[in-house]
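Engineer: Data: protein-v9.cif, mmCIF, C-alpha atoms.
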```cif
data_data
loop_
_atom_site.label_atom_id
_atom_site.label_comp_id
_atom_site.auth_asym_id
_atom_site.auth_seq_id
_atom_site.Cartn_x
_atom_site.Cartn_y
_atom_site.Cartn_z
CA MET A 1 -4.55 16.74 31.35
CA ALA A 2 -6.66 17.43 28.30
CA LYS A 3 -4.67 14.81 26.44
CA SER A 4 -5.33 11.97 28.85
CA LYS A 5 -9.03 12.82 28.92
CA ASN A 6 -9.08 12.68 25.17
CA VAL A 7 -7.38 9.30 25.14
CA GLU A 8 -9.77 7.83 27.66
CA GLU A 9 -12.72 8.92 25.60
CA GLY A 10 -11.35 7.45 22.39
CA ALA A 11 -10.23 10.79 20.93
CA ALA A 12 -13.32 11.56 18.89
CA ASN A 13 -15.66 13.86 20.71
CA ILE A 14 -18.81 13.37 18.68
CA THR A 15 -20.93 16.05 20.22
CA GLY A 16 -18.18 18.63 20.79
CA ASP A 17 -16.08 20.74 18.44
CA ASN A 18 -15.44 19.52 14.95
CA VAL A 19 -11.99 18.12 15.69
CA SER A 20 -10.00 16.78 12.78
CA TYR A 21 -7.22 14.22 12.74
CA LYS A 22 -4.77 14.14 9.88
CA LEU A 23 -3.15 10.98 8.56
CA LYS A 24 -0.52 11.33 5.84
CA LEU A 25 0.80 8.37 3.92
CA SER A 26 3.33 8.09 1.14
CA PHE A 27 3.96 4.69 -0.44
CA PRO A 28 5.29 3.09 -3.64
CA GLY A 29 2.86 2.79 -6.54
CA ASN A 30 2.51 -0.94 -6.07
CA TYR A 31 -0.70 -2.95 -5.63
CA GLU A 32 0.81 -4.84 -2.68
CA TYR A 33 0.34 -1.81 -0.46
CA VAL A 34 -3.36 -1.29 -1.17
CA ALA A 35 -4.65 -4.02 1.15
CA PRO A 36 -2.65 -2.97 4.25
CA ILE A 37 -3.53 0.69 3.68
CA ARG A 38 -7.26 0.14 3.21
CA LYS A 39 -7.31 -1.88 6.45
CA PHE A 40 -5.36 0.88 8.20
CA ILE A 41 -7.98 3.45 7.23
CA TYR A 42 -10.77 1.10 8.34
CA GLU A 43 -9.18 0.67 11.77
CA ALA A 44 -8.35 4.38 12.10
CA LEU A 45 -12.03 5.20 11.55
CA LEU A 46 -13.19 2.56 14.03
CA VAL A 47 -10.97 3.95 16.80
CA ASN A 48 -12.47 7.37 16.07
CA ASN A 49 -15.99 6.20 16.86
CA TYR A 50 -17.18 5.61 13.33
CA ASN A 51 -19.25 2.47 12.98
CA GLN A 52 -18.22 -0.61 11.00
CA LYS A 53 -20.51 0.20 8.08
CA PHE A 54 -19.09 3.69 7.63
CA ALA A 55 -15.53 2.42 8.09
CA TYR A 56 -16.03 -0.42 5.61
CA ARG A 57 -17.50 1.88 2.97
CA SER A 58 -14.67 4.35 3.46
CA GLU A 59 -12.23 1.44 3.12
CA VAL A 60 -13.81 0.58 -0.23
CA ILE A 61 -13.36 4.19 -1.38
CA VAL A 62 -9.69 4.11 -0.38
CA ASP A 63 -9.21 0.79 -2.15
CA GLU A 64 -10.76 2.05 -5.38
CA ILE A 65 -8.90 5.35 -5.54
CA CYS A 66 -5.57 3.74 -4.60
CA SER A 67 -6.01 1.01 -7.23
CA ASN A 68 -6.91 3.61 -9.87
CA ALA A 69 -3.95 5.78 -8.94
CA ILE A 70 -1.58 2.82 -9.23
CA CYS A 71 -3.17 1.53 -12.44
CA TYR A 72 -3.35 4.83 -14.32
CA GLY A 73 -1.11 7.26 -12.44
CA CYS A 74 2.05 5.27 -11.76
CA LYS A 75 3.85 4.60 -14.99
CA SER A 76 7.45 4.69 -13.76
CA ILE A 77 9.00 2.05 -11.52
CA ASP A 78 9.74 4.57 -8.74
CA ALA A 79 6.30 6.20 -8.83
CA ARG A 80 4.79 7.04 -5.45
CA ILE A 81 1.32 7.75 -4.14
CA GLU A 82 0.51 10.32 -1.51
CA LEU A 83 -2.61 9.82 0.56
CA LEU A 84 -3.99 12.38 2.96
CA CYS A 85 -6.91 11.47 5.23
CA LEU A 86 -8.79 13.88 7.43
CA ILE A 87 -11.07 12.42 10.05
CA PHE A 88 -13.66 14.88 11.32
CA ASN A 89 -16.52 14.18 13.66
CA ASP A 90 -19.03 14.53 10.86
CA ARG A 91 -17.09 13.43 7.77
CA PHE A 92 -14.10 11.62 6.36
CA GLU A 93 -12.04 13.26 3.65
CA VAL A 94 -9.44 11.48 1.58
CA GLN A 95 -7.13 13.06 -0.96
CA ILE A 96 -4.90 11.03 -3.25
CA LYS A 97 -2.10 12.34 -5.40
CA ASP A 98 -0.28 10.41 -8.11
CA GLN A 99 2.28 11.29 -10.74
CA GLY A 100 -0.24 11.34 -13.54
CA GLY A 101 -0.79 8.89 -16.34
CA GLU A 102 -1.34 9.01 -20.07
CA ARG A 103 -3.32 11.79 -21.66
CA LYS A 104 -6.29 9.55 -22.54
CA ASP A 105 -6.59 8.23 -18.98
CA ILE A 106 -6.48 11.72 -17.51
CA GLU A 107 -9.12 12.94 -19.95
CA ARG A 108 -11.35 9.98 -19.11
CA LEU A 109 -11.02 10.67 -15.39
CA ARG A 110 -11.66 14.39 -15.88
CA PHE A 111 -14.71 13.64 -18.02
CA ALA A 112 -16.09 11.11 -15.54
CA VAL A 113 -15.72 13.42 -12.52
CA LYS A 114 -17.22 16.36 -14.42
CA ASN A 115 -20.25 14.31 -15.44
CA PHE A 116 -20.77 13.00 -11.93
CA GLU A 117 -20.93 16.61 -10.79
CA GLU A 118 -23.43 17.39 -13.55
CA GLU A 119 -25.53 14.40 -12.60
CA GLN A 120 -25.76 15.56 -9.03
CA LYS A 121 -27.15 18.87 -10.29
CA GLN A 122 -29.43 17.60 -13.08
CA GLY A 123 -30.08 13.89 -12.66
CA GLY A 124 -29.06 10.99 -14.95
CA SER A 125 -28.24 11.15 -18.66
CA ASP A 126 -27.16 8.73 -21.42
CA VAL A 127 -23.57 10.02 -21.27
CA ILE A 128 -23.41 9.12 -17.59
CA LYS A 129 -24.80 5.66 -18.27
CA ASP A 130 -21.93 5.09 -20.73
CA ILE A 131 -19.37 6.26 -18.19
CA ARG A 132 -20.90 3.98 -15.59
CA LYS A 133 -20.30 0.99 -17.84
CA GLU A 134 -16.62 1.89 -18.20
CA CYS A 135 -15.60 3.52 -14.92
CA LEU A 136 -17.13 1.12 -12.43
CA GLY A 137 -14.56 1.83 -9.72
CA LEU A 138 -15.19 5.54 -9.79
CA GLU A 139 -18.93 4.90 -9.91
CA ILE A 140 -18.64 2.93 -6.65
CA VAL A 141 -16.72 5.85 -5.12
CA ARG A 142 -19.42 8.24 -6.28
CA MET A 143 -22.17 6.08 -4.76
CA LEU A 144 -20.38 5.93 -1.42
CA SER A 145 -19.42 9.60 -1.18
CA GLU A 146 -20.93 13.06 -1.17
CA GLU A 147 -18.21 15.04 -2.98
CA ILE A 148 -15.57 14.27 -5.57
CA ASP A 149 -13.08 16.92 -6.74
CA LEU A 150 -10.31 16.52 -9.27
CA GLN A 151 -7.25 18.71 -9.81
CA ILE A 152 -4.70 18.14 -12.56
CA ASP A 153 -1.67 20.38 -12.79
CA ASP A 154 0.47 21.22 -15.85
CA ASN A 155 2.70 18.19 -15.22
CA ASN A 156 -0.33 15.86 -15.14
CA VAL A 157 0.05 15.37 -11.38
CA THR A 158 -3.45 14.27 -10.43
CA THR A 159 -5.14 14.96 -7.11
CA LEU A 160 -8.52 13.42 -6.35
CA ARG A 161 -10.42 14.42 -3.23
CA VAL A 162 -13.37 12.45 -1.91
CA VAL A 163 -15.64 13.38 0.99
CA ARG A 164 -17.90 10.94 2.80
CA LYS A 165 -20.23 12.40 5.39
CA ARG A 166 -21.49 10.76 8.54
CA LYS A 167 -25.26 10.61 8.51
CA PRO A 168 -27.21 11.38 11.67
CA PHE A 169 -28.28 8.14 13.36
CA TYR A 170 -31.94 8.65 12.37
CA GLU A 171 -31.01 8.77 8.64
CA ALA A 172 -28.56 5.88 8.66
CA LYS A 173 -30.09 2.59 7.50
CA MET B 1 -10.86 -15.26 -32.09
CA LYS B 2 -7.37 -13.75 -32.34
CA THR B 3 -4.67 -15.73 -34.12
CA PHE B 4 -1.63 -16.70 -32.08
CA GLN B 5 1.07 -14.04 -31.94
CA ILE B 6 4.28 -13.78 -30.02
CA GLU B 7 6.36 -10.65 -29.52
CA ILE B 8 9.62 -10.17 -27.63
CA ALA B 9 10.72 -6.79 -26.26
CA GLN B 10 13.02 -5.38 -23.62
CA SER B 11 11.48 -3.63 -20.66
CA LYS B 12 11.69 0.17 -20.79
CA GLU B 13 12.52 0.26 -17.07
CA SER B 14 15.32 -2.29 -17.13
CA PRO B 15 17.24 -3.76 -20.08
CA ASP B 16 17.77 -6.94 -18.02
CA ILE B 17 14.09 -7.82 -18.20
CA THR B 18 12.55 -9.38 -21.29
CA ILE B 19 8.85 -9.09 -21.89
CA ILE B 20 7.29 -11.75 -24.05
CA SER B 21 3.79 -10.84 -25.15
CA LEU B 22 1.59 -13.78 -26.06
CA ARG B 23 -1.73 -13.24 -27.85
CA GLY B 24 -4.64 -15.39 -28.96
CA LYS B 25 -5.02 -19.16 -28.42
CA LEU B 26 -2.12 -21.15 -27.01
CA GLY B 27 -2.93 -24.60 -28.36
CA HIS B 28 -0.77 -27.63 -29.10
CA ASN B 29 0.33 -26.15 -32.45
CA THR B 30 1.96 -23.13 -30.75
CA ILE B 31 4.40 -25.09 -28.59
CA LYS B 32 7.22 -25.03 -31.13
CA LYS B 33 6.98 -21.24 -31.56
CA ILE B 34 7.01 -20.70 -27.80
CA ARG B 35 10.12 -22.86 -27.40
CA GLN B 36 11.90 -21.03 -30.26
CA ALA B 37 11.10 -17.66 -28.69
CA PHE B 38 12.49 -18.73 -25.31
CA ASP B 39 15.57 -20.28 -26.92
CA SER B 40 16.34 -16.94 -28.58
CA ILE B 41 15.92 -15.15 -25.22
CA ILE B 42 18.23 -17.61 -23.43
CA ALA B 43 20.79 -17.27 -26.21
CA LYS B 44 20.92 -13.52 -25.50
CA GLU B 45 21.36 -14.29 -21.77
CA LYS B 46 18.34 -12.18 -20.82
CA VAL B 47 17.10 -14.70 -18.33
CA PHE B 48 14.47 -12.81 -16.33
CA VAL B 49 11.29 -13.01 -18.42
CA VAL B 50 7.81 -11.62 -17.86
CA ALA B 51 5.13 -13.25 -20.01
CA ASP B 52 2.38 -10.73 -20.70
CA MET B 53 -0.69 -12.96 -20.93
CA SER B 54 -3.32 -10.20 -20.97
CA ASP B 55 -4.37 -11.06 -24.55
CA VAL B 56 -4.31 -14.83 -24.17
CA GLU B 57 -7.80 -16.25 -24.59
CA TYR B 58 -7.11 -19.93 -24.13
CA ILE B 59 -4.19 -22.08 -23.01
CA SER B 60 -3.89 -25.82 -23.51
CA SER B 61 -2.27 -28.16 -21.01
CA ALA B 62 0.50 -28.80 -23.52
CA SER B 63 1.30 -25.08 -23.68
CA VAL B 64 1.33 -24.86 -19.87
CA GLY B 65 3.80 -27.75 -19.87
CA GLU B 66 5.95 -25.99 -22.44
CA LEU B 67 6.00 -22.79 -20.37
CA MET B 68 7.05 -24.86 -17.34
CA GLY B 69 9.88 -26.34 -19.39
CA CYS B 70 10.95 -22.85 -20.52
CA ARG B 71 10.92 -21.68 -16.90
CA THR B 72 13.16 -24.59 -15.90
CA SER B 73 15.61 -23.64 -18.68
CA LEU B 74 15.67 -20.04 -17.45
CA MET B 75 16.13 -21.09 -13.82
CA GLU B 76 19.13 -23.20 -14.79
CA LYS B 77 20.68 -19.91 -15.92
CA ASP B 78 19.69 -18.18 -12.62
CA GLY B 79 16.68 -16.52 -14.23
CA ASP B 80 12.93 -16.89 -13.92
CA LEU B 81 9.69 -16.77 -15.87
CA VAL B 82 6.69 -15.05 -14.28
CA LEU B 83 3.22 -14.62 -15.74
CA ALA B 84 1.29 -11.34 -15.75
CA GLY B 85 -2.22 -10.14 -16.59
CA LEU B 86 -3.95 -13.52 -16.82
CA LYS B 87 -7.64 -13.65 -17.72
CA ILE B 88 -9.96 -15.64 -15.45
CA GLU B 89 -10.38 -18.47 -17.98
CA VAL B 90 -6.62 -18.89 -18.35
CA LEU B 91 -6.14 -18.70 -14.59
CA GLU B 92 -8.74 -21.46 -14.14
CA THR B 93 -6.81 -23.73 -16.52
CA LEU B 94 -3.58 -23.07 -14.62
CA SER B 95 -5.33 -23.80 -11.30
CA ALA B 96 -6.78 -27.04 -12.63
CA LEU B 97 -3.26 -28.15 -13.53
CA ASP B 98 -1.82 -26.86 -10.23
CA ALA B 99 0.49 -24.70 -12.32
CA ASP B 100 -0.56 -21.64 -10.29
CA LYS B 101 1.57 -23.13 -7.50
CA ILE B 102 4.60 -23.26 -9.78
CA PHE B 103 4.47 -19.91 -11.56
CA LYS B 104 4.49 -16.56 -9.83
CA LEU B 105 1.39 -14.76 -11.09
CA TYR B 106 0.99 -10.97 -11.22
CA LYS B 107 -1.85 -8.63 -11.95
CA ASP B 108 0.11 -6.73 -14.58
CA VAL B 109 3.55 -6.44 -16.13
CA ARG B 110 4.58 -3.57 -13.86
CA SER B 111 3.91 -5.63 -10.71
CA ALA B 112 6.09 -8.39 -12.17
CA ILE B 113 8.88 -5.89 -12.89
CA ASN B 114 8.59 -4.67 -9.29
CA LEU B 115 9.25 -8.25 -8.20
CA TYR B 116 12.41 -8.31 -10.27
CA TYR B 117 13.72 -5.18 -8.57
CA TRP B 118 12.72 -6.57 -5.18
CA GLU B 119 14.18 -10.06 -5.61
CA TYR B 120 17.23 -9.46 -7.78
CA GLN B 121 18.24 -5.81 -7.40
CA GLY B 122 17.76 -5.49 -3.63
CA GLN B 123 15.28 -2.66 -4.07
CA VAL B 124 14.34 -0.82 -0.88
CA GLU B 125 10.73 0.31 -0.65
CA LYS B 126 9.89 3.20 1.63
CA ILE B 127 6.62 4.00 3.35
CA ASN B 128 6.11 7.23 5.28
CA LEU B 129 3.26 7.82 7.68
CA THR B 130 2.35 10.76 9.87
CA PHE B 131 -0.37 10.34 12.48
CA PRO B 132 -1.73 12.44 15.34
CA SER B 133 0.01 11.98 18.67
CA GLU B 134 -2.89 10.07 20.22
CA LEU B 135 -2.65 6.60 21.75
CA ASN B 136 -5.73 5.28 19.97
CA PHE B 137 -3.97 5.60 16.59
CA VAL B 138 -1.16 3.28 17.68
CA PRO B 139 -3.00 -0.07 17.13
CA PRO B 140 -3.89 0.76 13.48
CA VAL B 141 -0.32 1.95 12.86
CA ARG B 142 1.34 -1.15 14.31
CA GLN B 143 -1.04 -3.39 12.35
CA LEU B 144 -0.27 -1.47 9.16
CA VAL B 145 3.45 -2.14 9.54
CA ARG B 146 2.81 -5.81 10.38
CA ARG B 147 0.60 -6.24 7.32
CA ILE B 148 3.21 -4.61 5.09
CA ALA B 149 5.85 -7.03 6.42
CA GLU B 150 3.53 -9.99 5.81
CA GLN B 151 2.70 -8.72 2.35
CA LYS B 152 6.41 -8.71 1.63
CA ASP B 153 6.63 -12.39 2.62
CA TYR B 154 8.16 -11.88 6.03
CA SER B 155 7.15 -14.75 8.34
CA SER B 156 4.33 -14.32 10.88
CA LYS B 157 6.93 -14.47 13.66
CA ASP B 158 9.03 -11.70 12.13
CA ALA B 159 5.93 -9.64 11.40
CA PHE B 160 4.72 -10.00 14.99
CA ARG B 161 8.09 -8.90 16.35
CA ILE B 162 8.10 -5.90 14.02
CA GLU B 163 4.58 -5.05 15.19
CA THR B 164 5.71 -5.22 18.82
CA ILE B 165 8.66 -2.90 18.13
CA VAL B 166 6.43 -0.35 16.39
CA ASP B 167 3.87 -0.57 19.18
CA GLU B 168 6.40 0.11 21.94
CA ILE B 169 8.13 2.99 20.19
CA CYS B 170 4.91 4.66 19.03
CA ASN B 171 3.45 4.41 22.54
CA ASN B 172 6.61 6.06 23.90
CA ALA B 173 6.48 8.75 21.21
CA VAL B 174 2.89 9.60 22.09
CA GLU B 175 3.39 9.37 25.85
CA HIS B 176 6.68 11.26 26.12
CA GLY B 177 6.37 13.54 23.08
CA SER B 178 5.43 17.20 23.07
CA MET B 179 2.17 18.12 24.76
CA ALA B 180 1.92 21.32 22.71
CA GLU B 181 -1.22 21.72 20.64
CA GLY B 182 -1.18 22.03 16.84
CA GLU B 183 1.02 20.72 14.03
CA GLY B 184 3.81 19.62 16.37
CA ARG B 185 1.65 16.93 17.94
CA GLU B 186 2.32 14.38 15.26
CA VAL B 187 4.37 11.23 15.10
CA GLU B 188 6.26 10.37 11.94
CA VAL B 189 6.92 6.76 11.02
CA SER B 190 9.26 5.85 8.21
CA VAL B 191 9.57 2.23 7.11
CA SER B 192 12.25 1.06 4.67
CA ILE B 193 11.85 -2.56 3.71
CA ASP B 194 13.85 -4.86 1.48
CA ARG B 195 14.23 -8.64 1.20
CA LYS B 196 16.70 -8.89 4.04
CA LYS B 197 15.73 -6.30 6.61
CA ILE B 198 13.29 -3.66 7.72
CA GLU B 199 14.39 -0.28 9.08
CA ILE B 200 11.94 1.73 11.10
CA SER B 201 12.39 5.36 12.18
CA ILE B 202 9.86 6.94 14.50
CA SER B 203 10.19 10.62 15.33
CA ASN B 204 8.25 13.14 17.35
CA THR B 205 8.72 16.57 18.86
CA SER B 206 10.08 16.36 22.38
CA ASP B 207 8.53 17.51 25.58
CA PRO B 208 11.13 20.08 26.84
CA GLU B 209 10.88 18.70 30.37
CA LYS B 210 11.87 15.23 29.22
CA VAL B 211 14.77 16.08 26.89
CA ASP B 212 17.47 15.46 29.52
CA MET B 213 15.95 12.14 30.44
CA LEU B 214 15.82 11.10 26.77
CA LYS B 215 19.46 12.07 26.25
CA LYS B 216 20.43 9.68 29.05
CA MET B 217 18.60 6.88 27.28
CA SER B 218 21.58 5.99 25.08
CA LYS B 219 23.56 5.09 28.22
CA TYR B 220 20.67 3.03 29.52
CA LEU B 221 20.38 1.16 26.24
CA SER B 222 23.87 -0.33 26.51
CA SER B 223 22.74 -2.33 29.57
CA PRO B 224 19.01 -2.02 30.16
CA LYS B 225 18.21 -3.03 33.73
CA VAL B 226 14.76 -3.04 35.18
CA SER B 227 14.25 -3.69 38.86
CA PHE B 228 11.81 -6.42 39.84
CA HIS B 229 9.69 -3.82 41.65
CA ASP B 230 9.58 -1.32 38.77
CA LYS B 231 6.13 -1.23 37.26
CA ARG B 232 7.28 0.40 34.02
CA GLY B 233 10.35 0.82 31.82
CA ARG B 234 10.49 -2.54 30.07
CA GLY B 235 9.46 -1.26 26.64
CA LEU B 236 12.88 -0.18 25.41
CA ALA B 237 14.52 -3.32 26.79
CA LEU B 238 11.97 -5.34 24.84
CA VAL B 239 12.62 -3.38 21.64
CA LYS B 240 16.37 -3.83 22.08
CA MET B 241 15.88 -7.57 22.55
CA LEU B 242 13.72 -7.92 19.42
CA SER B 243 15.79 -5.72 17.11
CA ASN B 244 19.25 -6.02 15.60
CA ASP B 245 20.15 -2.36 15.86
CA PHE B 246 18.56 0.30 18.01
CA GLN B 247 19.48 3.98 18.34
CA ILE B 248 17.88 7.05 19.87
CA ASP B 249 18.69 10.55 18.65
CA SER B 250 17.33 13.18 20.96
CA SER B 251 17.63 16.94 20.75
CA ASP B 252 15.68 19.94 22.00
CA TYR B 253 13.60 19.78 18.84
CA GLY B 254 12.65 16.16 18.79
CA THR B 255 13.39 12.52 19.31
CA CYS B 256 14.01 9.98 16.61
CA VAL B 257 14.26 6.26 17.28
CA HIS B 258 15.90 4.07 14.62
CA VAL B 259 15.42 0.33 14.67
CA THR B 260 16.75 -2.29 12.27
CA LYS B 261 15.28 -5.77 12.24
CA ILE B 262 16.90 -8.39 10.05
CA ARG B 263 14.62 -10.95 8.45
CA GLU B 264 15.13 -14.22 10.26
CA GLU B 265 12.97 -16.73 8.42
#
```
Mind converting the file's structure to structure tokens?
Structural biologist:
Amino acid sequence: MAKSKNVEEGAANITGDNVSYKLKLSFPGNYEYVAPIRKFIYEALLVNNYNQKFAYRSEVIVDEICSNAICYGCKSIDARIELLCLIFNDRFEVQIKDQGGERKDIERLRFAVKNFEEEQKQGGSDVIKDIRKECLGLEIVRMLSEEIDLQIDDNNVTTLRVVRKRKPFYEAK
Amino acid sequence: MKTFQIEIAQSKESPDITIISLRGKLGHNTIKKIRQAFDSIIAKEKVFVVADMSDVEYISSASVGELMGCRTSLMEKDGDLVLAGLKIEVLETLSALDADKIFKLYKDVRSAINLYYWEYQGQVEKINLTFPSELNFVPPVRQLVRRIAEQKDYSSKDAFRIETIVDEICNNAVEHGSMAEGEGREVEVSVSIDRKKIEISISNTSDPEKVDMLKKMSKYLSSPKVSFHDKRGRGLALVKMLSNDFQIDSSDYGTCVHVTKIREE
């Protein structure tokens, strides 16, 4: 019976426990898939009681990180992307994993993420301004999110995690 | 301004693909060099060519015409010429000449190579999705599969039928799947798509009370009959009608529905 109640209420119980829904996607490292997937995430957030603004901004995040993963992390013809999305009542988390690109691209990504973290602690710097000129996609992701984490393993497999939090209604503009 | 350069190389991914890198200004004085380069490619019978235009700063109408001529020569040998990585200025020139309707244009060389595998090698692309067993996730899932079909140039009619199939099976998976809490309450969708067909597998853990009923489904599928007075039970008949092959595998652990839909248009 709990299931049908949940369905009637649209699954997301905003004021109750912090329920999470997990969406896992695996797709070829091909730009053609980015548009359908970003729309899928948008719609998945809407049916979980997130508003259009939040869903659209999350869609932009997904678009940027998927495009980056395909551009820099899919060098072979059979490369695949793995996307994991967690929808909580108070936040949306997305984690993307690609096969890793060239050394210089990985270093640039690592440097950019590290400096974004520094900026959040200390405020702006000239180094960050330079990165902003180059890494505009990641800068958009940073503006639209609260947390960015990067993990790179020994085989250059790159995992980027982005968290976007839902603001209480009185803070949302 | 870069001087005009032309470079021919084989693709690392496939020796059948030739990549011709053009750089600088493609004016009227470069036509002869372009033709010579394509003649040498045709002589080697490497007839699928990707022109990497990412370093082209300007293209004259005469050069566009020459590239169209080269494409015709390649197509006569069952090949093709596609353009990749065009800058906005070059793209504007092609649009002004309506050449963007003639050439296939790609964001980068790798996207163009993907096309080759898709069109000529019958490449199958696979998409896997796992979503929570909740009815409200079904509309986004069915729309995702429809959009993928449309993206792959399936007609709107085909895409709509595929969407309907996914909708029916996912609804069944959620409705009749396991009611247990936790990891088991997920539905897995696997889509394998190529130029000629789409194969969809949807699996879920089974509700133990419904396993016997599901096992009888295969018999029902051979001649689906729904009474006029039945309010429900038309979903599988609909899926069978819209698909070219339809199978249900059901065990105590789970149910997997396989559907094949051949591209019609």
Engineer: Can you translate the PyMOL selection byres ((chain A) within 7 of (chain B)) into the concrete residues it hits in this file, as a list in words?
Structural biologist: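 This file gives the following for the PyMOL selection byres ((chain A) within 7 of (chain B)): Val7, Gly10, Tyr21, Lys22, Leu23, Lys24, Leu25, Ser26, Phe27, Pro28, Asn30, Glu32, Tyr33, Pro36, Ile37, Phe40, Glu43, Ala44, Val47 and Ile77 of chain A.
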Engineer: At a cut-off of 10 Å around the point (16.1, -1.0, 10.9) (file coordinates), what residues fall inside when counting all atoms listed in the file? I'd like the answer as JSON, numbers by chain.
Structural biologist: {"B": [162, 191, 192, 193, 197, 198, 199, 200, 201, 243, 244, 245, 246, 247, 257, 258, 259, 260, 261, 262]}
Engineer: Closest to Arg108 (chain A) among A:Val141, A:Leu84, A:Cys74, A:Leu150, using all atoms listed in the file?
Structural biologist: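 Counting all atoms listed in the file, the residue closest to Arg108 (chain A) is A:Leu150.
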Engineer: Quick one: of B:Lys77, B:Tyr253, B:Lys33, B:Leu242, who's nearest to Glu163 (chain B), counting all atoms listed in the file?
Structural biologist: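 Answer, going by the shortest atom-to-atom distance: B:Leu242.
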Engineer: Using the chain letters and numbers from this file, what does the PyMOL selection byres ((chain B and resi 75) around 12) select? Give the answer as a PyMOL selection string.
Structural biologist: chain B and resi 42+45-49+68-74+76-82+103
Engineer: Give as a PyMOL selection string the set of residues within 6 Å of the point (17.3, -0.1, 0.6), where distances use the file's coordinates and all atoms listed in the file.
Structural biologist: chain B and resi 123-124+194
